[in-house]
Every structure is written in C-alpha cells, then in structure tokens.
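J.: Submitted below is the structure of interest, expressed as structure tokens.
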There are 2 protein chains.
Amino acid sequence: MSKMKSLLIICDGLGDRLTDGKTPLEVAKAPNMDKFAKDGITGIMDTVRTGIRPGSDTSHLSLFGYDPFEIYTGRGPFEAAGVDLELKSGDVALRCNFATLKNGKVIDRRAGRDEYGLEELAKEVSKIKFKDVKIIFKKCAGHRAVLVLRGKNLSSSITDTDPEALNVPPAKSRSIDERPDSRKTATILNEFTKKTEKILFEHAINKGRKLPANVVLCRGAGIKPELESFEDRYGANAACVSATTLIKGVCRSMGMEIIDVRGATGHVDSDISGKVKIAIKTLKRYDFVFLHIKGTDEASHDGNFDSKREMIERIDREVIGPILEKVKNTTIVLTADHSTPITIRQHSADPVPIAILGDVRTDQVEKFTERECSKGGLNRICGIDLINIILDLSDRAKLFGA
Amino acid sequence: MSKMKSLLIICDGLGDRLTDGKTPLEVAKAPNMDKFAKDGITGIMDTVRTGIRPGSDTSHLSLFGYDPFEIYTGRGPFEAAGVDLELKSGDVALRCNFATLKNGKVIDRRAGRDEYGLEELAKEVSKIKFKDVKIIFKKCAGHRAVLVLRGKNLSSSITDTDPEALNVPPAKSRSIDERPDSRKTATILNEFTKKTEKILFEHAINKGRKLPANVVLCRGAGIKPELESFEDRYGANAACVSATTLIKGVCRSMGMEIIDVRGATGHVDSDISGKVKIAIKTLKRYDFVFLHIKGTDEASHDGNFDSKREMIERIDREVIGPILEKVKNTTIVLTADHSTPITIRQHSADPVPIAILGDVRTDQVEKFTERECSKGGLNRICGIDLINIILDLSDRAKLFGA
C-alpha cells in the first residue's frame with residue numbers, strides 16, 4: 001500500500017443525549033452515515049479528555065494532536081487568527097461583542113444582532129489610545145469583533161468584561177493570578193470598556209439603529225500560542241474547509257491552508273453542498289483535508305431537536321452521500337468536536353461517535369449513532385490520538401523505535 | 001489466593017488488517033488460541049500509545065512497564081546488550097550491517113546475507129583506532145554487527161550511515177541537534193565508514209565471497225539507558241526465552257535472566273516446540289517468564305499471508321496447546337508487541353489482540369482474533385499498564401494507598 005490522502009469530517013456539536021429516549025442521530029434518516037459505519041470501523045471518542053467539556057477551540061486543537069492543556073490560554077488569539085489578524089509574541093487577544101447599555105446596564109449583549117454602521121463604529125473604537133499599549137480592533141461577522149492589546153508586560157490571566165448576563169453592568173476585569181502584568185492588563189481592559197462607552201454613546205450612527213451599539217464587551221483573553229506547523233509535525237500538508245472564524249483561526253494557527261468557502265455561513269442554511277465540492281477538489285492538492293460543518297451545533301444551542309435532526313439529514317444527503325460516491329483511496333473520518341445535547345443546550349463531555357473508512361478492521365456496527373458506535377471496534381479513544389490513528393491508516397506515520 | 005507465577009507469550013507482529021476481508025488470525029485454524037480466549041478475558045491493546053507505530057524495542061519496553069517516551073534513545077544499546085556487550089555510561093551503540101559497495105554505491109545492504117569470513121573481517125574492523133574514542137565492534141547473527149563508540153562527549157543525536165536504499169553511496173551521518181557532541185560523533189562515524197571501506201576493500205576474505213563485504217553501515221545510535229531492574233521494580237524475578245538479539249537485549253537491560261534456546265532461530269522454521277519446553281521448565285525457577293515468538297513478524301514483513309497463517313497454526317499447536325495442557329496455577333497472557341499488516345508489510349499502530357487466563361473475569365469472546373477480542377472484557381488497554389495488570393492478577397501487586 002502506498003500513502004493515502006486523509007479527509008476528516010467534523011460535524012460541530014453532533015453528539016447528543018436522549019430526548020424522549022432517542023438522540024437526534026438515532027431519529028434521523030441517514031442512510032449514507034449508516035453505510036459509512038457499516039463499511040468502516042466505529043467507536044466513541046472523548047475529544048479532549050474523558051469527562052471534560054470541550055470548547056470548539058480546545059477540541060479542534062486536541063483532534064489535530066495539539067494538547068490544549070499545554071497550549072491553550074483563551075479563545076481570543078484563535079478568533080484573531082480567524083479574521084487574518086497577525087499576532088505578535090506577547091499580544092493579548094480577546095473576542096468582543098458590540099452590545100447595548102441602558103442606564104449603565106447591559107440590556108442586549110449583541111446589540112440586536114444588527115450590523116448597521118458597526119464597521120464605522122469599529123473604526124472609531126480602533127482610535128482608542130493608551131500610553132504604552134497599542135490597540136488593534138477589528139470587526140468580524142455580525143456584532144462580533146476582536147481586540148488585540150500589544151505592549152510590554154501584558155497577561156491573559158484576566159477575567160472578562162462581558163458579564164454574560166442581562167440587566168447588570170459590564171463586568172470589571174480582574175487579575176486571576178494577582179501578578180502585576182495581569183493587574184495592569186485588567187486595568188487597561190476596564191479603561192477600554194469606559195472609552196468605548198464614551199465614544200459610542202453619542203455617536204451619530206447609533207441614532208439610526210434600533211438598539212444602540214454603545215459598549216464593547218470582551219472575553220476569552222489569550223496569548224498567541226506558538227504552535228509547530230501541522231506540516232512540520234506530521235509531514236503532511238493540510239487544508240481547512242470551514243466557514244467558522246474560530247475554527248479557521250485554530251487551523252491558521254497551525255499553518256493549515258484556509259480554503260475560501262463563499263456561500264457557507266456556518267448556520268443551518270449554509271450552502272454545504274458547495275463546501276463539499278470544494279473539499280473534494282481540495283483533496284487533489286493536499287494530503288490532509290479537514291471539512292467542518294457548523295449547523296448541527298447551532299441547532300443544539302437553540303435546543304431545537306427537529307432542526308438538528310434535519311441538519312443531520314441534510315449532511316447525510318449533501319455531504320456524506322457525495323463523499324462516499326466520489327472520494328476513493330482515502331482514509332475518511334466522520335465524527336464531531338463535542339456533544340451539544342438538546343436537553344442542556346450547551347457543550348457536554350459525553351463522548352462523540354466516530355467512524356473511519358479505509359484500510360481498517362471493519363466491525364459489526366451498522367448505524368452511525370452514539371450508542372451503536374459505542375459497540376465498535378475502536379472502543380473508546382481519546383481525541384488527542386486521532387490524528388496519529390489517521391496518519392497510521394494513511395501510511396504516513398513514522399515508526400517509533402525499530 | 002497465594003502468589004501465582006506469570007507467563008507472558010508475545011507473538012511478534014501478530015496483529016493485522018484485512019486481506020480479502022479477513023485477518024490471518026481469523027483465517028487460521030487455532031483451536032487452542034480460541035480456547036484460551038474462551039476461558040480467559042480478552043481485549044485489544046495499544047502497546048505503546050494509541051496511534052503510535054511501535055518498534056519491537058519500544059513496544060517491549062512498554063509492555064514491561066518502562067515508558068519508551070522517557071528512556072528510548074535508539075536501538076543500538078539493546079542490540080549490544082543482546083550480544084552480551086557490556087556498555088558503560090556515555091557509550092554510544094549502533095547496529096551495523098556488513099554490506100556490498102560497487103563503484104562507491106551500495107548494491108547489497110546485507111552482503112548477500114553470506115556469513116563466510118565475517119568473523120575474521122569483524123576482527124579487522126575492531127582494530128580501527130581514533131585518538132580519543134575507543135571502538136568496540138562485535139559480529140552478531142548473519143551479516144549483522146554492533147558498534148560501540150566509547151569516549152568523552154559523545155552523543156546519539158546523529159543520523160544513520162545506512163542509507164536503507166540501493167544504488168546510493170553510504171549516507172553521511174549528521175548531527176540532529178547541532179550540539180558539538182553530536183557533530184563530533186557524526187564525524188567519527190563518517191570516518192569509521194571510510195576506514196571500514198579501506199580495510200575491507202582489498203581484504204583476501206572478500207576474494208572468496210560471492211558478494212564482497214566491503215563496508216560497514218550503521219544505524220539506530222543510542223545511549224545506554226539506565227533502567228531499574230525488573231526484579232527491584234516489581235519484586236518478581238524474571239526470565240526471557242527469545243531467540244531474537246534485540247529482544248534479549250531489551251530484557252537484559254532490565255536485568256532479566258536470558259535463557260539459552262538453541263535451535264530457536266527467530267524465523268518461521270524455528271524450533272518453537274523446544275522453546276516452549278524450556279519456557280515451561282523455566283517457570284519452575286522464575287516468578288515471571290516471557291516467551292517471545294518471532295516468526296509471525298517475519299512472515300508479515302514478507303507480505304506472505306499464508307506463511308503468517310501457517311505460523312499462527314504452528315504456534316497454536318506447538319506453543320499454546322502444550323502450555324494449556326501443562327501450565328497450571330499461572331497467569332498466562334497471549335498477545336503481540338504490535339501489528340504488522342500483510343497489506344503494508346511494516347509495523348502499524350493498529351491495536352493488538354490480548355487474552356489473559358487465570359483469576360480473571362471471563363467474557364463472552366470465543367475466538368482469539370483482533371475483531372473478536374475488541375468486544376472483550378478488557379476493552380482497549382495500553383501496553384504500559386500490562387505488567388501491572390499481570391502482577392495484580394498473580395497477586396504480586398502492591399497496594400497504592402491504604
């Protein structure tokens with residue numbers, strides 16, 4: 001056998017618990033996923049570690065073999081990388097929302113999800129100045145933005161200014177470890193919040209908005225991690241097909257090529273057919289292609305069982321069907337980055353189902369569901385080992401020893 | 001229950017992938033192995049770590065509870081220990097082949113596997129001198145030898161001179177980490193190669209050989225690891241019954257007794273019946289006996305499905321049959337050090353099947369195959385934990401805590 005290509009398909013938040021005795025995967029009609037399971041080897045996987053609730057960033061790091069317990073400081077740097085912001089060593093990056101304050105209290109954390117005028121407001125915010133710390137502020141999709149603090153002696157050991165609650169004031173950022181760097185950074189972030197209020201409160205743009213965007217709330221402070229590139233690490237060049245800023249940022253941080261996917265929105269209405277075509281085309285040029293589908297997670301966070309089931313059925317038809325038909329001589333993996341049970345509407349530590357097609361020991365599992373896959377030939381594996389399993393099956397693994 | 005003896009049977013490279021939908025273990029008629037699985041507890045095992053392709057040295061270290069990620073530098077020192085060469089702290093050892101050069105290019109990496117006169121040529125090579133580095137050179141089985149570099153400031157962070165390819169010159173050894181010690185060692189090894197050419201090229205012995213043995217190629221540089229002895233570590237005295245130099249070396253490095261097994265060759269034609277008799281006899285004197293059977297790996301590297309199946313059937317008849325019949329009151333383990341799939345003719349990271357007989361919770365698995373064992377009561381375990389499992393079942397484990 002010669003070296004094979006590898007295709008990793010991750011359906012965000014796909015795993016679930018029981019609603020009326022069944023998971024969405026169990027209720028969905030997904031004949032292609034079931035064929036995938038039948039012809040492959042299956043199992044369940046703890047994407048970060050057994051019992052740990054993974055974020056989408058930590059789980060993807062882990063699934064690419066980068067231990068998040070060693071390298072993860074916060075989400076900010078990956079959001080920044082996702083919008084093409086070049087970070088320098090020592091930069092602290094945070095994810096931000098434009099939000100709405102009334103009488104000093106947050107009444108909408110997303111300023112009505114209304115993009116009107118935010119580009120111009122972002123330009124105003126980016127003019128904020130501090131004596132020895134530079135501000136970089138960039139608007140992202142919707143009401144979101146990224147803030148980078150650049151200067152000496154900064155730290156990401158600070159709490160968020162986003163209170164993640166309504167009818168309370170913006171939170172005061174505090175140092176987590178009481179080191180001088182952290183106290184300094186928290187102070188600057190609190191001043192930043194006040195300055196955004198001052199600049200935005202009376203801004204003309206806000207007269208034309210239903211809900212004014214009159215404060216910027218920040219969270220997920222992190223220092224840029226220094227990651228060895230995927231290609232240096234594994235000897236395989238890699239490309240990412242995703243519409244999600246955070247995921248693109250994670251992949252860009254490890255030097256993967258980010259493939260442009262217009263029409264893919266990351267929502268349940270995304271043009272996933274187009275994305276699949278791009279992924280299949282990308283396999284011609286890259287050893288390892290990662291295809292990320294976000295819609296399943298969105299439906300889960302909304303607590304909408306039927307929407308999740310429908311999204312699974314669309315993925316089955318529009319993603320798995322064409323891939324089974326067109327992709328040959330390739331190790332193909334179908335799995336998720338974490339479970340997002342409908343019952344709790346947030347990420348959980350429940351292991352995710354996984355199926356692998358290729359030069360594998362097929363097992364007797366015939367349905368791609370959480371409970372069927374738990375009987376599979378892989379048994380229960382850990383996400384940090386997945387990339388090595390894939391590279392071994394694609395005959396791209398190095399021998400350890402002799 | 002009182003303390004029991006333990007017998008660990010490792011069939012080298014036994015695990016496999018599917019050829020025409022079956023593994024060699026699945027096709028082989030192996031009623032004794034199946035009885036072993038039926039009466040015992042079964043599972044699958046990642047001998048080094050999930051997704052990692054193990055060498056035979058790293059996997060055996062791991063299976064005896066010594067973490068190869070902590071202690072392994074290269075194969076050389078284990079080869080040296082396998083031929084009874086006493087290494088000193090700081091020694092760098094390498095495995096060597098006598099090979100054939102023509103017009104400066106390697107045309108046979110094993111000099112025709114012809115032993116004629118190699119003992120005398122080895123004596124010549126061992127006369128090579130360097131100013132501040134001592135050379136120890138010892139012929140092993142066949143065309144193989146071991147080279148030890150002894151002196152101050154040597155390093156094993158160097159690349160091989162064996163190009164592992166034909167029609168190319170011997171490779172230049174290079175420093176891997178660019179430290180002065182490594183550069184010095186690489187330089188010496190390159191000079192050693194040239195000196196072997198000079199000594200061997202016109203040597204009279206080579207006139208009588210079909211293919212001249214006119215260069216020595218080296219690989220697997222390693223520093224002697226300082227291992228706590230098996231007996232000190234586990235409170236059980238241990239013996240190794242193996243015909244393979246490398247495996248004997250690994251076992252000698254941890255202070256195991258190496259039992260002489262004349263007639264056992266490590267090949268598919270090995271006198272494994274004699275070896276089993278010795279192993280059973282050895283159990284009288286030792287708490288822990290390790291029986292290593294090499295032939296399965298050889299058949300796998302040759303890509304010969306039928307030869308592997310036949311070797312499995314021989315092991316079933318000549319090893320497992322007599323052991324089931326004669327060995328009582330002993331924890332007996334049947335497993336492999338790694339998979340060597342026929343499809344890829346090299347080691348792979350696929351987990352190996354394992355079955356344990358003794359004071360165990362038997363499961364419903366009735367066949368000793370990769371896929372049946374994946375349904376067993378052990379689930380999927382890691383090789384580094386195996387020795388503790390065995391000692392626990394033999395009632396020789398220490399309590400951790402109170």
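By order in the structure tokens, chains are A, B, ...; within a chain, residues start at 1; ligands start at 1, following the order shown.
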Fewer than 2 positions away in the same chain doesn't count, so skip those; otherwise give me all residues within 12 Å of Leu8 in chain B, counting only C-alpha atoms, as a VMD selection string.
T.: chain B and resid 5 to 6 10 to 11 60 63 to 64 238 to 242 276 279 to 280 283 287 to 293 320 323 330 to 337 354 to 357 386 to 387 389 to 391 394
J.: List every residue of range 296-364 of chain B that DSSP, applied to the backbone of this structure, assigns to helix (DSSP H, G or I), and report them as a PyMOL selection string.
T.: chain B and resi 296-301+305-326
J.: So which one's closest to chain A, B:Ser307, B:Ser339, B:Asn388, B:Asn237? Using only C-alpha atoms, please.
T.: B:Ser339
J.: Can you work out which residues from chain A touch chain B at a cut-off of 12 Å (counting only C-alpha atoms) and hand them back as a ChimeraX atom specification?
T.: /A:1-4,39-44,65,358-365,374-402
J.: Got a sec: who's within 10 Å of Pro225 in chain B, counting only C-alpha atoms, leaving out chain neighbours fewer than 5 positions off, as a PyMOL selection string?
T.: chain B and resi 70-74+77-78+87-91+253-254
J.: For Gly142 in chain B, which residue among B:Gly112, B:Pro163, B:Pro170, B:Pro24 is the nearest when counting only C-alpha atoms?
T.: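 Among B:Gly112, B:Pro163, B:Pro170, B:Pro24, it is B:Gly112 that comes nearest to Gly142 in chain B.
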J.: May I have all residues of range 17-142 of chain A that DSSP, computed from the backbone, assigns to strand (DSSP E or B), given as an NGL selection string?
T.: :A and (19 or 22 or 41-46 or 92-102 or 105-108 or 133-139)
J.: For the atom pair CA of Arg109 in chain B and CA of Ala165 in chain B, what is the interatomic distance in Å to one decimal place?
T.: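 It comes out at 7.9 Å.
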